[in-house]
Every structure is written in C-alpha cells, then in structure tokens.
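First the structure, in the form of structure tokens, and then the observations on it.
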Amino acid sequence: MPLGPAGPAASGPAAGRDAPGASLRAALALGLLLGFYLLALSLLVAVAALDVVLARGTFTVVTVEGWLGSLAVAWCVLRVVALGRRREEGREGPPGLSLTPREQPELWEHVRRLAERVGTRPPAEIRIVPGAVAIVREDARWLGLVPGERRLFLGVALLLGLPGAELDAVLGHELGHYAHHDTRLGHVVAALRVRLAHTVGTLRERAAREEAEERAEFAAKAARRRAEGRPPPLKRGRTRGPDHYLALVFTAYAKLCLRLTEAVSRRQEYAADLVAARIAGPATTAAALRRVPALEAADELYLNQYALLGWEAGLLPPEGQFYGGFALLLADDTRREQLTALAREPLPEEPGEDRSPYASHPPTADRIRALESLPDDGCTHTLVRRPATALLRAPDRLLADLEQATLSTEALSKHRVAWAELPWQARRETSAREAEPLLAAMAELTGAPAAPGVIALTHLLDLLDRDLLDELAARLPRSERAAHSSGRAAREFARTAFRSALRQLVLGAALETGLCRWELCWAGPPVRRTAPAWFTEDLPAALDRAVAEPAVTAPLRTLLLRGGAHGPLDGTGPAPHTLA
C-alpha cells in the first residue's frame with residue numbers, strides 16, 4: 001500500500017478506510033526511528049571505509065589530513081546521535097483542568113456513551129484546556145503493542161461555542177482515532193519528529209556560528225593588516241564544516257519522515273471523520289468542521305481585545321470570566337451573525353500541485369466534500385438539540401478553576417473588576433500612567449505630590465495662570481531630537497510634549513467626573529469612547545489656549561468644571577460623539 005501523500009484518487013472517505021493498519025504503522029514508525037540511527041551508522045561506516053582506502057596508499061601529509069578530517073566527521077556524527085537523545089516531547093499534553101467523574105458526571109457519562117457507540121475504550125482522563133481544540137493521546141508502550149492510559153483534551157471555547165450535536169461530532173472524531181489505534185503510536189512519531197527537528201536545528205545553528213566566527217576572524221585579520229599599513233588578505237570562499245553537510249543530510253531525512261508520517265495522518269483524519277458522521281450525521285459533522293475554525297478566530301479576538309483589555313492597567317475580568325466571557329461575546333447578536341457568516345464562507349480550494357506533502361490534515365474543503373457525498377442516515381434528526389455547556393455541572397466554578405490551573409502567577413495577581421467597569425478603569429489607569437511625568441514635574445516645582453484627577457488638574461491650571469508653563473515643560477522627559485534643539489524650536493518641542501500630557505490629565509479628570517465615558521462594546525471595537533458633542537469639539541481649542549503664550553486657562557476650566565452650562569449630562573442634551 002503506498003504511503004505517499006493522498007492524491008485525487010484517495011482523497012475521500014475511502015482513503016480513510018484504506019489507511020494502514022496499526023501493525024503497518026508501527027513498523028513504519030519503528031523503521032523511521034531506527035533509520036535515524038542507521039543513517040548515522042552508515043556515515044560512520046563510510047568514513048571508516050575512506051580511512052581504510054587512505055591507509056592502503058602511500059603515507060603522506062594528505063593521508064594524515066584525511067585521517068584527521070575523518071575523525072572530525074566521526075565526532076560530529078556521534079554528536080548528532082547525542083543531540084537526538086537530548087530532548088523529547090513530554091506526554092502530559094497541554095495544561096488544563098482535569099475533571100473527575102464525581103465533579104462532572106454528565107460529561108463523563110456522555111463521553112462514555114459515545115465511546116460505546118464507537119466501539120472503543122473511553123479515556124481515563126478528561127482535561128479542559130484553553131482554546132478551540134480537541135486532542136486525544138494515549139500512553140501506549142512497546143511501540144503501541146500494549147495499550148496505555150488515554151487522555152482527552154477538550155477546549156473550553158468548544159464547550160462554550162458549539163451546539164451539543166456538533167460537540168458530539170468533534171468527540172466522535174477524536175474517539176475514532178482511539179478506535180483505529182491512531183494514538184498508540186502518537187508518542188513514537190512525535191518523539192521522532194522532535195528528535196529530527198532538534199538535531200537539524202542544532203546542526204544549522206552550529207554551522208551558522210562557525211561561518212560567523214570565520215567571517216569575524218577574517219575581518220579582524222584584515223583590520224590588523226590595514227593597521228600595519230599592509231594590504232588586506234585576499235578574500236576566499238567560505239569553508240563548509242562537517243555540521244553544514246550533516247545538516248543537509250539529516251534535513252533530507254527529516255523531510256522524508258514527514259512526508260511518510262503526515263500522509264498516514266491525513267488518511268487517519270478521513271477515517272475519523274467517518275466515525276463522527278456515524279455518530280452525529282454527515283451534515284452535523286460538516287457543520288462542526290466549518291464552525292471550529294470560526295470559533296478559533298473568535299476566541300483569539302476575544303482573548304486579545306477583551307480578556308486582556310485591562311492588562312497594562314493591572315486589571316482582569318471577574319473571576320471565571322477570563323475564559324467564560326467568551327460566551328458573552330457569542331451571545332451578542334452582531335457577533336453571532338458574524339460568526340455564522342464566517343462559518344458559511346466558501347472554504348479556500350487548494351490545487352493538487354499547491355498542497356504541501358507535510359500537512360498533517362487534509363484541506364477542510366476536501367473533508368467537507370467527502371462528508372457531503374455520504375448518504376444521510378437520519379441520525380442527525382434523533383439528536384437532542386442543546387448547547388454543549390448543558391453537559392457541565394457548575395460551569396462558573398469550572399471556569400474559575402480553569403483560570404487557577406492555566407493562568408500565570410502574574411495574571412492571577414491582577415485586580416479583578418466587573419465587565420462594565422473594566423474599560424473606564426483601564427482608561428483611568430492608562431491616563432494616570434501617561435500623566436505621571438507631568439504630575440512629577442508639578443511635584444518637583446511645588447514640592448507637593450499630586451494624584452491624577454480633578455484636584456491635580458485644577459492645581460495645574462493655577463500654575464499655568466502664574467505663567468509657570470515653561471518651567472513645568474522643561475521638567476518633562478524630552479525626545480532625542482528635542483534634547484538637541486535650542487531656542488524657539490526647543491520651546492515648541494516642550495510645549496507639544498506638555499500639551500500631550502495635559503490632554504491625558506484632562507481626559508482622566510473628565511472620566512472621573514463622568515463627562516467622558518468608556519463603555520464595553522461586544523458588537524464592534526471593544527471600547528466605545530463617547531463624550532458630549534460640545535466637549536469633543538471644544539477640547540482641542542481649549543488645550544491650545546492653555547499652552548499658548550501667555551496661557552489662557554479659562555476655556556479649559558469652563559469646559560471641565562462648568563460643563564453643565566453647555567448642555568446637561570443626564571441624557572437630554574445633544575447625542576454623545578465618538579471621542580478620538
């Protein structure tokens with residue numbers, strides 16, 4: 001049976017049925033692993049044969065150089081074997097929260113029922129992990145001949161974002177890997193890949209380091225000759241050491257291993273899709289294949305723009321909401337429509353000549369096309385339509401425990417605030433941090449420390465009225481360009497920096513008084529920044545007057561402290577404008 005990449009004739013479910021059996025896959029994995037050492041042994045034999053040939057000839061200086069070179073090559077080959085043994089992938093899998101049957105009986109019972117329908121042994125551990133992933137592993141022994149403990153890793157984003165029927169398709173797919181014994185050889189194949197990647201990477205690093213040292217030595221020699229008034233040495237071509245050529249050899253072997261093992265992996269994916277289709281139905285399985293990438297994109301957006309919104313300010317969402325807030329994003333009508341539209345978008349087609357022979361999964365479009373070609377057995381209509389979270393007991397507690405198990409110590413030390421308070425508190429901390437140089441300048445000038453807010457702003461405006469703007473601006477940090485300027489240019493640089501810091505202090509005070517609002521928005525950009533129209537329109541001019549020569553602070557005072565004269569802030573005045 002050919003082990004190369006699946007071509008057009010073997011790109012569907014039939015390819016999954018014809019995937020090599022466990023014994024053949026074990027032989028392949030063992031052969032490739034032994035081939036790593038046989039390749040090294042072959043190189044040593046070749047070097048030894050060369051030494052024998054040299055020994056039969058006339059003893060000359062060339063013979064000695066050949067022996068020394070063979071010793072260098074032999075040492076590098078032995079070092080390659082040592083490199084390959086140095087680092088192996090652990091079996092623990094991604095960090096997460098291990099769930100016991102006592103804690104989550106409904107989830108465990110559901111997985112066991114699915115395993116029974118698939119006809120395989122259920123996992124011994126179910127671990128909830130961050131992200132929209134589903135992974136199965138098995139700690140098999142003796143190259144997969146002896147089964148071991150099975151682990152199922154289930155991403156929290158799948159539990160929060162998938163309907164129960166589509167989660168069954170995902171679980172059925174992963175259990176299908178168990179049923180076909182795909183996981184028994186997982187550790188052997190992973191160890192082979194890690195060993196080769198580490199070996200090739202280290203050889204390339206050493207070859208590059210040797211080349212850099214050679215260039216540096218040549219440059220130093222040329223510099224010494226020029227200093228002595230002599231012409232620099234003639235340039236010569238780069239000399240390649242044994243590490244360079246060994247890297248080429250083992251890179252070629254690594255590519256061969258990847259082509260063989262990943263071709264088998266792609267066929268295993270088709271076979272697992274057939275199991276999922278038998279459990280949840282072809283249409284539901286195809287829908288899950290479409291929805292999971294969309295959930296991955298949505299989860300990445302949520303973590304980067306919402307969960308980490310207050311990171312720089314030392315803030316995080318409430319306990320249990322660092323991951324659990326993803327459900328709030330999915331509950332928004334606009335986001336839900338976007339997610340549905342993303343899942344329905346046509347998947348990119350990959351022409352046969354553009355497909356990588358090193359991909360571990362077939363193109364999703366091919367997998368969906370294969371599922372759609374299957375007859376509908378009607379099992380989709382018998383499934384209970386319910387959210388995947390219905391399988392969880394006390395999901396809020398579970399999400400909080402997941403944070404404790406996966407977040408760093410730094411993250412767990414952050415202050416937790418409610419979602420409604422997170423944007424404006426984060427903005428307040430940011431404004432305070434950006435206004436710190438100005439507050440420090442005020443403290444240095446007056447001898448009294450100041451905290452950001454309305455009181456500090458009022459005190460600053462008093463100092464501007466006393467014509468102390470230049471003295472304050474001179475105490476602010478300066479850019480390199482500003483530090484090398486003088487006269488009028490220096491004053492302009494200082495006033496520009498002062499205006500920027502003053503704006504941050506003003507925005508912080510406006511936020512404190514409720515004049516400006518930073519509100520959470522699930523439907524678009526994570527923060528909606530709003531302020532009354534008159535504030536947005538008049539603020540730039542008021543700042544310009546405050547940093548003018550002479551300073552005029554009355555417009556800024558009126559804008560902030562007597563803003564009610566321009567319009568009420570109780571919602572009956574002009575509609576708020578977006579604040580840039």
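By order of appearance in the structure tokens: chains A, B, ..., then residues from 1 within every chain, and ligands from 1 in the order shown.
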
Counting only C-alpha atoms, what are the residues of stretch 156-208 of chain A within 8 Å of stretch 121-135 of chain A, and for each of them which pair of atoms is the nearest and at what distance in Å, to one decimal? Sort the table by chain and rising number, as a Markdown table.
```
| residue | atom | partner | partner_atom | distance |
| --- | --- | --- | --- | --- |
| A:Val156 | CA | A:Pro130 | CA | 5.5 |
| A:Ala157 | CA | A:Ala132 | CA | 4.8 |
| A:Leu158 | CA | A:Ala132 | CA | 5.2 |
| A:Val170 | CA | A:Ala134 | CA | 7.4 |
| A:Leu171 | CA | A:Ala134 | CA | 7.9 |
| A:Glu174 | CA | A:Ile135 | CA | 6.9 |
| A:Leu175 | CA | A:Pro122 | CA | 7.8 |
| A:Tyr178 | CA | A:Arg121 | CA | 7.6 |
| A:Ala179 | CA | A:Arg121 | CA | 7.8 |
```

**Request:** Identify, on the basis of only C-alpha atoms, every residue whose closest approach to stretch 389-395 of chain A does not exceed 7 Å; exclude the query and any residue fewer than 2 positions from it along the same chain; express the result as a list in words.
**Result:**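 Contacts, with the query itself left out: Gln104, Glu106, Leu107, Leu159, Leu160, Arg386, Pro387, Arg397, Leu398 and Leu399 of chain A.
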
Next, dump the selected residues to file, keeping only N, CA, C and O atoms, as a compact mmCIF listing (two decimals), in the first residue's frame.
```txt
# COMPACT_ATOMS: atom_id res chain seq x y z
N GLN A 104 -17.88 16.09 37.30
CA GLN A 104 -18.67 16.32 36.08
C GLN A 104 -19.26 14.99 35.60
O GLN A 104 -18.86 14.45 34.56
N GLU A 106 -22.16 14.21 34.25
CA GLU A 106 -22.89 14.24 32.99
C GLU A 106 -21.93 14.20 31.80
O GLU A 106 -22.17 13.48 30.82
N LEU A 107 -20.85 14.98 31.86
CA LEU A 107 -19.89 14.99 30.77
C LEU A 107 -19.22 13.62 30.62
O LEU A 107 -19.08 13.09 29.51
N LEU A 159 -16.74 24.07 24.18
CA LEU A 159 -17.86 23.86 25.09
C LEU A 159 -18.78 25.08 25.14
O LEU A 159 -19.99 24.94 25.29
N LEU A 160 -18.20 26.27 25.02
CA LEU A 160 -19.00 27.49 25.09
C LEU A 160 -19.63 27.84 23.75
O LEU A 160 -20.66 28.54 23.72
N ARG A 386 -29.18 20.90 22.04
CA ARG A 386 -28.94 21.65 23.26
C ARG A 386 -27.51 22.16 23.24
O ARG A 386 -26.65 21.61 22.54
N PRO A 387 -27.22 23.21 23.98
CA PRO A 387 -25.84 23.73 24.00
C PRO A 387 -24.90 22.75 24.68
O PRO A 387 -25.31 21.97 25.56
N ARG A 397 -17.98 27.74 38.32
CA ARG A 397 -16.90 27.26 39.18
C ARG A 397 -15.80 26.58 38.36
O ARG A 397 -14.62 26.74 38.63
N LEU A 398 -16.23 25.83 37.34
CA LEU A 398 -15.25 25.16 36.48
C LEU A 398 -14.37 26.18 35.77
O LEU A 398 -13.14 26.00 35.69
N LEU A 399 -14.98 27.26 35.25
CA LEU A 399 -14.20 28.28 34.55
C LEU A 399 -13.24 28.99 35.49
O LEU A 399 -12.11 29.33 35.10
```

**Prompt:** If you run DSSP on the backbone, which residues of stretch 77-286 of chain A are alpha helix (DSSP H), as a VMD selection string?
**Reply:** chain A and resid 77 to 86 105 to 118 156 to 161 164 to 179 186 to 227 242 to 280 282 to 286

Selection near A:Val417, 10 Å with only C-alpha atoms, sequence-local residues under 4 positions removed, as a JSON list (two decimals) with all heavy atoms, in the first residue's frame:
```json
[["chain", "number", "residue", "atom", "x", "y", "z"],
["A", 310, "GLY", "N", -7.59, 45.15, 30.09],
["A", 310, "GLY", "CA", -7.01, 45.95, 31.17],
["A", 310, "GLY", "C", -5.66, 45.45, 31.65],
["A", 310, "GLY", "O", -5.23, 45.80, 32.75],
["A", 315, "LEU", "N", -5.43, 44.98, 35.40],
["A", 315, "LEU", "CA", -6.82, 44.57, 35.61],
["A", 315, "LEU", "C", -7.16, 43.36, 34.75],
["A", 315, "LEU", "O", -6.63, 43.19, 33.64],
["A", 315, "LEU", "CB", -7.77, 45.72, 35.26],
["A", 315, "LEU", "CG", -7.52, 47.07, 35.95],
["A", 315, "LEU", "CD1", -8.44, 48.13, 35.37],
["A", 315, "LEU", "CD2", -7.72, 46.94, 37.45],
["A", 316, "LEU", "N", -8.07, 42.54, 35.27],
["A", 316, "LEU", "CA", -8.62, 41.41, 34.52],
["A", 316, "LEU", "C", -10.12, 41.35, 34.76],
["A", 316, "LEU", "O", -10.62, 41.92, 35.73],
["A", 316, "LEU", "CB", -7.98, 40.09, 34.95],
["A", 316, "LEU", "CG", -6.59, 39.73, 34.40],
["A", 316, "LEU", "CD1", -6.21, 38.33, 34.84],
["A", 316, "LEU", "CD2", -6.53, 39.85, 32.89],
["A", 317, "PRO", "N", -10.86, 40.64, 33.89],
["A", 317, "PRO", "CA", -12.30, 40.49, 34.12],
["A", 317, "PRO", "C", -12.57, 39.73, 35.42],
["A", 317, "PRO", "O", -11.64, 39.21, 36.05],
["A", 317, "PRO", "CB", -12.76, 39.68, 32.90],
["A", 317, "PRO", "CG", -11.70, 39.84, 31.89],
["A", 317, "PRO", "CD", -10.42, 40.03, 32.63],
["A", 318, "PRO", "N", -13.84, 39.65, 35.83],
["A", 318, "PRO", "CA", -14.16, 38.96, 37.09],
["A", 318, "PRO", "C", -13.69, 37.51, 37.08],
["A", 318, "PRO", "O", -13.44, 36.91, 36.03],
["A", 318, "PRO", "CB", -15.69, 39.06, 37.17],
["A", 318, "PRO", "CG", -16.06, 40.18, 36.27],
["A", 318, "PRO", "CD", -15.02, 40.22, 35.19],
["A", 319, "GLU", "N", -13.59, 36.94, 38.26],
["A", 319, "GLU", "CA", -13.16, 35.54, 38.38],
["A", 319, "GLU", "C", -14.10, 34.64, 37.58],
["A", 319, "GLU", "O", -15.32, 34.74, 37.67],
["A", 319, "GLU", "CB", -13.15, 35.13, 39.85],
["A", 319, "GLU", "CG", -12.63, 33.72, 40.08],
["A", 319, "GLU", "CD", -12.65, 33.32, 41.54],
["A", 319, "GLU", "OE1", -13.25, 34.08, 42.35],
["A", 319, "GLU", "OE2", -12.09, 32.28, 41.88],
["A", 421, "GLU", "N", -17.10, 47.95, 34.43],
["A", 421, "GLU", "CA", -16.11, 48.89, 34.96],
["A", 421, "GLU", "C", -14.75, 48.75, 34.29],
["A", 421, "GLU", "O", -13.90, 49.64, 34.42],
["A", 421, "GLU", "CB", -15.95, 48.69, 36.47],
["A", 421, "GLU", "CG", -17.23, 48.90, 37.27],
["A", 421, "GLU", "CD", -17.01, 48.62, 38.74],
["A", 421, "GLU", "OE1", -15.84, 48.41, 39.13],
["A", 421, "GLU", "OE2", -18.00, 48.61, 39.49],
["A", 422, "LEU", "N", -14.52, 47.64, 33.63],
["A", 422, "LEU", "CA", -13.19, 47.37, 33.09],
["A", 422, "LEU", "C", -12.70, 48.43, 32.11],
["A", 422, "LEU", "O", -11.56, 48.90, 32.24],
["A", 422, "LEU", "CB", -13.18, 45.98, 32.43],
["A", 422, "LEU", "CG", -11.85, 45.47, 31.92],
["A", 422, "LEU", "CD1", -10.81, 45.42, 33.03],
["A", 422, "LEU", "CD2", -12.00, 44.10, 31.27],
["A", 423, "PRO", "N", -13.50, 48.88, 31.12],
["A", 423, "PRO", "CA", -12.96, 49.87, 30.16],
["A", 423, "PRO", "C", -12.55, 51.19, 30.80],
["A", 423, "PRO", "O", -11.46, 51.69, 30.56],
["A", 423, "PRO", "CB", -14.12, 50.06, 29.17],
["A", 423, "PRO", "CG", -14.94, 48.82, 29.30],
["A", 423, "PRO", "CD", -14.85, 48.43, 30.73],
["A", 425, "GLN", "N", -11.98, 51.90, 34.00],
["A", 425, "GLN", "CA", -10.90, 51.77, 34.97],
["A", 425, "GLN", "C", -9.56, 51.57, 34.27],
["A", 425, "GLN", "O", -8.53, 52.11, 34.69],
["A", 425, "GLN", "CB", -11.17, 50.60, 35.92],
["A", 425, "GLN", "CG", -12.24, 50.89, 36.96],
["A", 425, "GLN", "CD", -12.06, 50.07, 38.22],
["A", 425, "GLN", "OE1", -10.94, 49.71, 38.58],
["A", 425, "GLN", "NE2", -13.15, 49.79, 38.90],
["A", 426, "ALA", "N", -9.57, 50.80, 33.19],
["A", 426, "ALA", "CA", -8.34, 50.63, 32.41],
["A", 426, "ALA", "C", -7.90, 51.95, 31.81],
["A", 426, "ALA", "O", -6.71, 52.28, 31.81],
["A", 426, "ALA", "CB", -8.55, 49.58, 31.32]]
```

**Message:** Please report the interatomic distance between atom CA of A:Cys516 and atom CA of A:Ala418 in Å with one decimal.
**Reply:**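 The value is 18.8 Å.
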
Excluding stretch 492-507 of chain A and any residue of its chain fewer than 4 positions from it, enumerate the residues within 8 Å of it, using only C-alpha atoms, and give them as a compact mmCIF listing (two decimals) with N, CA and C atoms, in the first residue's frame.
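So part36.txt came out as:
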```txt
# COMPACT_ATOMS: atom_id res chain seq x y z
N SER A 431 -4.48 56.76 31.60
CA SER A 431 -4.34 58.23 31.64
C SER A 431 -3.44 58.64 32.79
N ALA A 432 -3.62 58.00 33.94
CA ALA A 432 -2.78 58.33 35.09
C ALA A 432 -1.31 58.01 34.81
N GLU A 434 0.18 57.85 31.85
CA GLU A 434 0.72 58.77 30.84
C GLU A 434 0.85 60.18 31.37
N ALA A 435 0.10 60.52 32.43
CA ALA A 435 0.21 61.86 33.03
C ALA A 435 1.25 61.92 34.14
N PRO A 437 4.58 61.86 34.17
CA PRO A 437 5.67 62.84 34.03
C PRO A 437 5.23 64.27 34.36
N LEU A 438 4.00 64.62 33.98
CA LEU A 438 3.51 65.96 34.27
C LEU A 438 3.26 66.13 35.77
N PRO A 452 -3.50 62.01 40.11
CA PRO A 452 -4.30 62.39 38.93
C PRO A 452 -5.76 62.55 39.31
N GLY A 453 -6.42 63.52 38.67
CA GLY A 453 -7.82 63.77 38.94
C GLY A 453 -8.15 65.25 38.83
N LEU A 457 -5.68 68.60 38.31
CA LEU A 457 -5.87 69.43 37.13
C LEU A 457 -6.12 70.88 37.52
N ASP A 470 6.55 77.22 31.09
CA ASP A 470 7.89 76.85 30.60
C ASP A 470 8.67 76.08 31.64
N ALA A 473 7.20 72.56 31.59
CA ALA A 473 7.56 71.84 30.37
C ALA A 473 9.03 71.45 30.36
N ALA A 474 9.88 72.28 30.94
CA ALA A 474 11.31 71.97 30.96
C ALA A 474 11.62 70.74 31.81
N LEU A 476 9.74 67.99 31.85
CA LEU A 476 9.20 66.78 31.24
C LEU A 476 10.29 66.03 30.47
N ARG A 478 12.29 64.49 27.45
CA ARG A 478 12.42 65.01 26.09
C ARG A 478 12.91 63.90 25.17
N ALA A 482 14.38 66.55 20.50
CA ALA A 482 14.12 67.75 21.30
C ALA A 482 15.32 68.10 22.16
N ARG A 488 13.74 78.75 19.99
CA ARG A 488 12.30 78.63 19.75
C ARG A 488 11.89 77.17 19.47
N LEU A 511 -13.10 61.61 32.79
CA LEU A 511 -13.58 60.26 33.07
C LEU A 511 -14.02 60.14 34.52
N CYS A 516 -16.79 62.08 30.26
CA CYS A 516 -16.49 61.14 29.18
C CYS A 516 -16.84 59.73 29.66
N LEU A 543 -7.24 73.26 24.82
CA LEU A 543 -5.87 72.84 25.10
C LEU A 543 -4.87 73.79 24.47
N ASP A 544 -5.15 74.21 23.23
CA ASP A 544 -4.25 75.15 22.55
C ASP A 544 -4.15 76.46 23.33
N VAL A 547 -1.87 76.15 26.47
CA VAL A 547 -0.41 76.06 26.28
C VAL A 547 0.10 77.22 25.43
```

**Asked** Hey, what's within 7 Å of stretch 291-302 of chain A if we count only C-alpha atoms and toss same-chain stuff fewer than 4 positions away? As a list of chain:residue names, please?
**Response**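 The contact residues come out as A:Gly131, A:Ala132, A:Ala157, A:Gly161, A:Ala287, A:Tyr306, A:Ala307, A:Phe326, A:Leu339, A:Leu342, A:Ala343.
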
I need the chosen residues saved as a PDB file, in the first residue's frame, with C-alpha atoms.
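again-v3.pdb written:
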```
ATOM      1  CA  GLY A 131      -8.806  27.438  23.129  1.00  0.00           C
ATOM      2  CA  ALA A 132     -10.971  25.786  20.492  1.00  0.00           C
ATOM      3  CA  ALA A 157     -14.147  27.542  23.557  1.00  0.00           C
ATOM      4  CA  GLY A 161     -19.492  27.861  21.339  1.00  0.00           C
ATOM      5  CA  ALA A 287     -21.140  21.920  10.137  1.00  0.00           C
ATOM      6  CA  TYR A 306     -11.497  41.737  25.677  1.00  0.00           C
ATOM      7  CA  ALA A 307      -9.945  39.412  28.253  1.00  0.00           C
ATOM      8  CA  PHE A 326     -16.271  34.292  25.536  1.00  0.00           C
ATOM      9  CA  LEU A 339     -19.617  34.015  13.328  1.00  0.00           C
ATOM     10  CA  LEU A 342     -17.723  33.253   8.715  1.00  0.00           C
ATOM     11  CA  ALA A 343     -18.660  29.602   9.120  1.00  0.00           C
TER      12      ALA A 343
END
```

**Prompt:** Which neighbours of stretch 244-252 of chain A fall inside 6 Å, counting only C-alpha atoms, when residues of the same chain fewer than 3 positions from it are skipped, and could you give them as a ChimeraX atom specification?
**Reply:** /A:200,203,207,241,255

**Message:** For a quick check of understanding, using only C-alpha atoms, which of A:Ala313, A:Leu520, A:Arg545, A:Arg290 has the smallest distance to A:Glu345?
**Reply:** A:Arg290

**Message:** Just want the 9 Å neighbourhood of A:Glu372, counted on only C-alpha atoms, with same-chain residues fewer than 6 positions away dropped. Output as a list of chain:residue names.
**Reply:**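 The contact residues come out as A:Pro282, A:Ala283, A:Ala286.
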
Dump of C-alpha atoms for the selected residues, as a compact mmCIF listing (two decimals), in the first residue's frame:
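Result file is out25.txt:
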```txt
# COMPACT_ATOMS: atom_id res chain seq x y z
CA PRO A 282 -22.61 13.79 7.91
CA ALA A 283 -24.32 17.19 7.83
CA ALA A 286 -19.55 19.05 8.19
```
